[in-house]
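Listing of coords-v7.txt, compact mmCIF, C-alpha atoms
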```
# COMPACT_ATOMS: atom_id res chain seq x y z
CA MET A 1 -8.09 13.26 1.14
CA ASN A 2 -4.91 12.19 -0.63
CA PHE A 3 -2.97 9.14 0.48
CA ILE A 4 -0.12 10.95 2.27
CA ASP A 5 -2.63 12.99 4.29
CA LEU A 6 -4.49 9.79 5.19
CA ALA A 7 -1.25 8.09 6.28
CA LYS A 8 -0.34 11.12 8.40
CA LYS A 9 -3.79 11.13 10.02
CA ARG A 10 -3.61 7.47 11.13
CA TYR A 11 -2.32 6.92 14.64
CA SER A 12 -2.55 4.28 17.36
CA VAL A 13 -5.80 5.00 19.19
CA ARG A 14 -5.91 3.92 22.82
CA LYS A 15 -9.05 5.76 23.94
CA PHE A 16 -12.37 4.83 22.39
CA LYS A 17 -15.80 6.35 22.71
CA ASP A 18 -18.45 4.13 24.24
CA MET A 19 -20.40 3.68 21.02
CA ALA A 20 -20.92 0.85 18.59
CA VAL A 21 -19.37 0.81 15.13
CA GLU A 22 -21.83 0.45 12.28
CA LYS A 23 -21.67 -2.93 10.52
CA GLU A 24 -21.36 -1.16 7.14
CA LYS A 25 -18.15 0.50 8.32
CA ILE A 26 -16.77 -2.76 9.67
CA LEU A 27 -17.48 -4.38 6.30
CA GLN A 28 -15.69 -1.56 4.48
CA VAL A 29 -12.63 -2.00 6.69
CA LEU A 30 -12.67 -5.75 6.06
CA GLU A 31 -13.00 -5.19 2.32
CA ALA A 32 -9.83 -3.08 2.38
CA GLY A 33 -8.02 -6.00 4.04
CA ILE A 34 -9.38 -8.49 1.54
CA LEU A 35 -8.26 -6.27 -1.36
CA ALA A 36 -4.66 -6.20 -0.07
CA PRO A 37 -2.02 -7.90 -2.20
CA SER A 38 -0.52 -11.20 -1.11
CA ALA A 39 2.37 -13.33 -2.32
CA VAL A 40 1.34 -15.23 -5.45
CA ASN A 41 -2.22 -14.03 -4.66
CA TYR A 42 -2.68 -16.97 -2.27
CA GLN A 43 -4.64 -14.76 0.17
CA PRO A 44 -3.88 -16.64 3.42
CA CYS A 45 -5.70 -14.13 5.65
CA HIS A 46 -8.67 -14.85 7.86
CA PHE A 47 -10.31 -12.20 10.03
CA ILE A 48 -12.48 -12.78 13.07
CA VAL A 49 -14.66 -9.81 13.98
CA ILE A 50 -15.59 -9.66 17.63
CA THR A 51 -18.32 -7.33 18.84
CA ASP A 52 -19.91 -9.56 21.49
CA GLU A 53 -18.99 -8.20 24.93
CA GLU A 54 -18.36 -11.62 26.49
CA ILE A 55 -16.05 -12.81 23.71
CA ARG A 56 -14.27 -9.41 23.58
CA SER A 57 -13.65 -9.75 27.30
CA LYS A 58 -12.10 -13.20 26.85
CA VAL A 59 -9.88 -12.00 24.00
CA ALA A 60 -8.94 -8.93 26.08
CA GLU A 61 -7.49 -11.30 28.69
CA THR A 62 -4.76 -12.10 26.14
CA TYR A 63 -3.69 -8.42 26.25
CA PRO A 64 -4.77 -7.13 29.66
CA ARG A 65 -4.75 -3.37 29.16
CA PRO A 66 -7.76 -1.31 30.29
CA TRP A 67 -7.84 0.75 27.08
CA PHE A 68 -7.91 -2.43 24.97
CA GLN A 69 -10.99 -3.70 26.77
CA SER A 70 -12.85 -0.48 25.92
CA ALA A 71 -12.69 -1.03 22.14
CA PRO A 72 -16.17 -1.89 20.81
CA VAL A 73 -14.71 -4.05 18.03
CA ILE A 74 -11.70 -6.34 17.92
CA ILE A 75 -10.59 -7.76 14.60
CA VAL A 76 -8.40 -10.81 15.08
CA ALA A 77 -6.10 -11.07 12.07
CA CYS A 78 -5.05 -14.65 11.38
CA GLY A 79 -2.80 -16.25 8.84
CA ASP A 80 -3.55 -19.65 7.34
CA HIS A 81 -0.20 -21.38 6.93
CA SER A 82 -1.82 -24.11 4.82
CA GLN A 83 -2.64 -21.44 2.20
CA SER A 84 0.43 -19.20 2.28
CA TRP A 85 3.19 -19.01 -0.29
CA ILE A 86 6.59 -20.29 0.79
CA ARG A 87 9.71 -19.00 -0.97
CA LYS A 88 12.30 -21.52 -2.21
CA ASP A 89 14.54 -20.78 0.79
CA GLY A 90 11.68 -21.73 3.15
CA LYS A 91 10.48 -18.20 4.04
CA ASP A 92 6.73 -18.39 4.73
CA HIS A 93 5.07 -15.15 3.62
CA CYS A 94 1.96 -15.62 5.77
CA ASP A 95 2.95 -12.95 8.34
CA ILE A 96 3.83 -10.48 5.58
CA ASP A 97 0.53 -11.00 3.77
CA VAL A 98 -1.48 -10.54 6.96
CA ALA A 99 0.55 -7.43 7.84
CA ILE A 100 -0.24 -5.85 4.47
CA ALA A 101 -3.94 -6.57 4.96
CA VAL A 102 -3.96 -5.14 8.49
CA ASP A 103 -2.20 -2.01 7.25
CA HIS A 104 -4.89 -1.57 4.58
CA MET A 105 -7.54 -1.96 7.29
CA THR A 106 -5.97 0.62 9.61
CA LEU A 107 -5.94 3.15 6.78
CA ALA A 108 -9.51 2.34 5.73
CA ALA A 109 -10.66 2.72 9.33
CA THR A 110 -8.96 6.12 9.56
CA ASP A 111 -10.64 7.21 6.34
CA LEU A 112 -14.02 6.28 7.88
CA GLY A 113 -13.40 8.27 11.06
CA LEU A 114 -12.51 5.20 13.12
CA GLY A 115 -9.40 4.53 15.17
CA THR A 116 -7.30 1.40 15.50
CA CYS A 117 -4.16 0.24 17.26
CA TRP A 118 -2.08 -2.60 15.88
CA VAL A 119 -1.47 -5.01 18.80
CA CYS A 120 1.18 -7.72 18.56
CA ALA A 121 2.31 -8.12 22.21
CA PHE A 122 -0.49 -10.47 23.25
CA ASP A 123 -0.65 -14.08 24.39
CA ALA A 124 -1.09 -15.71 20.97
CA LYS A 125 -1.46 -19.23 22.36
CA LYS A 126 -4.21 -18.19 24.76
CA CYS A 127 -6.00 -16.22 22.03
CA HIS A 128 -5.83 -19.29 19.77
CA GLU A 129 -7.42 -21.36 22.53
CA VAL A 130 -10.10 -18.78 23.42
CA LEU A 131 -11.23 -18.62 19.78
CA GLU A 132 -10.93 -22.41 19.30
CA LEU A 133 -8.95 -21.97 16.08
CA PRO A 134 -7.77 -24.86 13.91
CA GLU A 135 -4.05 -25.68 13.94
CA ASN A 136 -3.36 -24.15 10.52
CA LEU A 137 -4.47 -20.67 11.68
CA GLU A 138 -2.07 -18.42 13.56
CA VAL A 139 -3.21 -15.23 15.27
CA ILE A 140 -0.85 -12.58 13.88
CA ALA A 141 -2.33 -9.34 15.24
CA LEU A 142 -5.24 -7.92 17.17
CA LEU A 143 -6.87 -4.78 15.82
CA PRO A 144 -9.08 -2.99 18.34
CA MET A 145 -11.32 -0.53 16.54
CA GLY A 146 -13.82 2.16 17.41
CA TYR A 147 -14.46 5.86 17.40
CA PRO A 148 -11.51 7.76 18.88
CA MET A 149 -12.17 9.63 22.11
CA GLU A 150 -9.85 12.46 21.11
CA GLU A 151 -10.70 14.66 18.16
CA SER A 152 -7.13 15.37 17.08
CA GLU A 153 -4.27 12.98 16.56
CA PRO A 154 -1.05 13.35 18.53
CA GLU A 155 2.12 14.48 16.78
CA LYS A 156 4.05 11.51 15.43
CA LYS A 157 7.84 11.50 15.60
CA ARG A 158 9.33 10.02 12.46
CA LYS A 159 12.86 9.56 11.21
CA SER A 160 13.79 11.57 8.16
CA ILE A 161 14.03 10.13 4.66
CA LYS A 162 17.84 10.45 4.78
CA ASP A 163 17.88 8.24 7.91
CA MET A 164 15.78 5.53 6.31
CA VAL A 165 16.54 5.48 2.60
CA SER A 166 19.63 4.58 0.58
CA TRP A 167 20.00 4.96 -3.17
CA GLU A 168 21.77 2.29 -5.23
CA ARG A 169 23.74 0.91 -2.22
CA TYR A 170 23.65 1.03 1.55
```

Starting from the file, lay out its structure as structure tokens.
Amino acid sequence: MNFIDLAKKRYSVRKFKDMAVEKEKILQVLEAGILAPSAVNYQPCHFIVITDEEIRSKVAETYPRPWFQSAPVIIVACGDHSQSWIRKDGKDHCDIDVAIAVDHMTLAATDLGLGTCWVCAFDAKKCHEVLELPENLEVIALLPMGYPMEESEPEKKRKSIKDMVSWERY
């Protein structure tokens, strides 16, 4: 499948089948994240893969939605601020680098027949505590992953190119 078709196929899955995801597929998704570019190639990402039901349940308390709890895998995407590049004006690129990696992972998962949903509206402090993370790590996003319950993706509404792109000037 070409890249545009893959990007069109990806959607936010909120209904997962009750079946485990093969470790080989999880590793392929993680490899896509690790291959993502980062500012100055500092690679400040760290991913925590959670498949254990008890730990998934504790992490799910940080985003209490029934559909979220049904995901057989949760990848916790963290940024290590002690390893991220900081621009001269003070802009820390950690969040950007992690976002690029998570985007690569969502596309890789789609290519493997898996579904994901990028979750940012969670209790980051509680998640940090549940996972007993060191101070330098920040939880940036949660990525529930599994086999989608529905066979076809919903129609996505997108703005047109003319609404989102300027040439030469705004």

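If you look at CA of Thr51 in chain A and CA of Asn136 in chain A, they are 24.0 Å away from each other.
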
Check: Pick from A:Glu61, A:Glu153, A:Leu114, A:Val130: nearest to Met19 in chain A, with only C-alpha atoms counted?
Finding: A:Leu114

Determine the axis-aligned bounding box of all atoms of range 15-29 of chain A present in the file, pad each side by 3 Å, and express its centre and edge lengths in Å to one decimal place as lines of an AutoDock Vina configuration file.
```
center_x = -15.4
center_y = 1.0
center_z = 14.4
size_x = 18.8
size_y = 16.7
size_z = 25.8
```

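Pairwise distance (CA of Gly79 in chain A, CA of Tyr63 in chain A) equals 19.1 Å.
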
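If you measure from each of A:Lys159, A:Arg56, A:His81, A:Arg65 to Lys15 in chain A using only C-alpha atoms, the closest one turns out to be A:Arg65.
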
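Of the listed residues A:Cys78, A:Ile48, A:Leu143, A:Ala20, the one whose atoms come nearest to Asp103 in chain A is A:Leu143, with distances taken using only C-alpha atoms.
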
Write out, as a tab-separated table, each residue of range 50-163 of chain A that has an atom at most 6 Å from range 2-14 of chain A, together with the closest pair of atoms and their distance in Å to one decimal, counting all atoms listed in the file, rows going by chain and rising number.
```
residue	atom	partner	partner_atom	distance
A:Trp67	CA	A:Arg14	CA	5.6
A:Thr110	CA	A:Arg10	CA	5.7
A:Gly115	CA	A:Val13	CA	5.4
A:Thr116	CA	A:Val13	CA	5.4
A:Cys117	CA	A:Ser12	CA	4.4
```

With the cut-off set at 9 Å and counting all atoms listed in the file, tabulate each residue of range 29-63 of chain A with an atom at most that distance from an atom of range 90-98 of chain A, showing the nearest atom pair and its distance in Å to one decimal, ordered by chain and increasing number, as a Markdown table.
```
| residue | atom | partner | partner_atom | distance |
| --- | --- | --- | --- | --- |
| A:Gly33 | CA | A:Val98 | CA | 8.5 |
| A:Ala36 | CA | A:Asp97 | CA | 8.0 |
| A:Pro37 | CA | A:Asp97 | CA | 7.2 |
| A:Ser38 | CA | A:Asp97 | CA | 5.0 |
| A:Ala39 | CA | A:His93 | CA | 6.8 |
| A:Gln43 | CA | A:Asp97 | CA | 7.3 |
| A:Pro44 | CA | A:Cys94 | CA | 6.4 |
| A:Cys45 | CA | A:Val98 | CA | 5.7 |
| A:His46 | CA | A:Val98 | CA | 8.4 |
```

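The space separating CA of Ala77 in chain A from CA of Phe47 in chain A comes to 4.8 Å.
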
Next item on the list: For Asp123 in chain A, list every protein, DNA or RNA residue within 10 Å, evaluated using only C-alpha atoms, and leave out those in the same chain fewer than 5 positions away; present the list as an MDAnalysis selection string.
Entry: chainID A and resid 59:64 128 139

Output the selection as a JSON list (two decimals), keeping the file's coordinate frame - C-alpha atoms for each residue.
```json
[["chain", "number", "residue", "atom", "x", "y", "z"],
["A", 59, "VAL", "CA", -9.88, -12.00, 24.00],
["A", 60, "ALA", "CA", -8.94, -8.93, 26.08],
["A", 61, "GLU", "CA", -7.49, -11.30, 28.69],
["A", 62, "THR", "CA", -4.76, -12.10, 26.14],
["A", 63, "TYR", "CA", -3.69, -8.42, 26.25],
["A", 64, "PRO", "CA", -4.77, -7.13, 29.66],
["A", 128, "HIS", "CA", -5.83, -19.29, 19.77],
["A", 139, "VAL", "CA", -3.21, -15.23, 15.27]]
```

Next item on the list: Return the single residue from A:Leu30, A:Val76, A:Ala109, A:Val21 that is closest to Phe122 in chain A, with distances computed using all atoms listed in the file.
Entry: A:Val76

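Residue nearest Glu31 in chain A, chosen from A:Pro154, A:Val119, A:Val102, A:Val73 and counting all atoms listed in the file: A:Val102.
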
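With all atoms listed in the file as the basis for measurement, A:Phe16 is the residue among A:Tyr42, A:Trp85, A:Phe16, A:Tyr170 that approaches Gly113 in chain A most closely.
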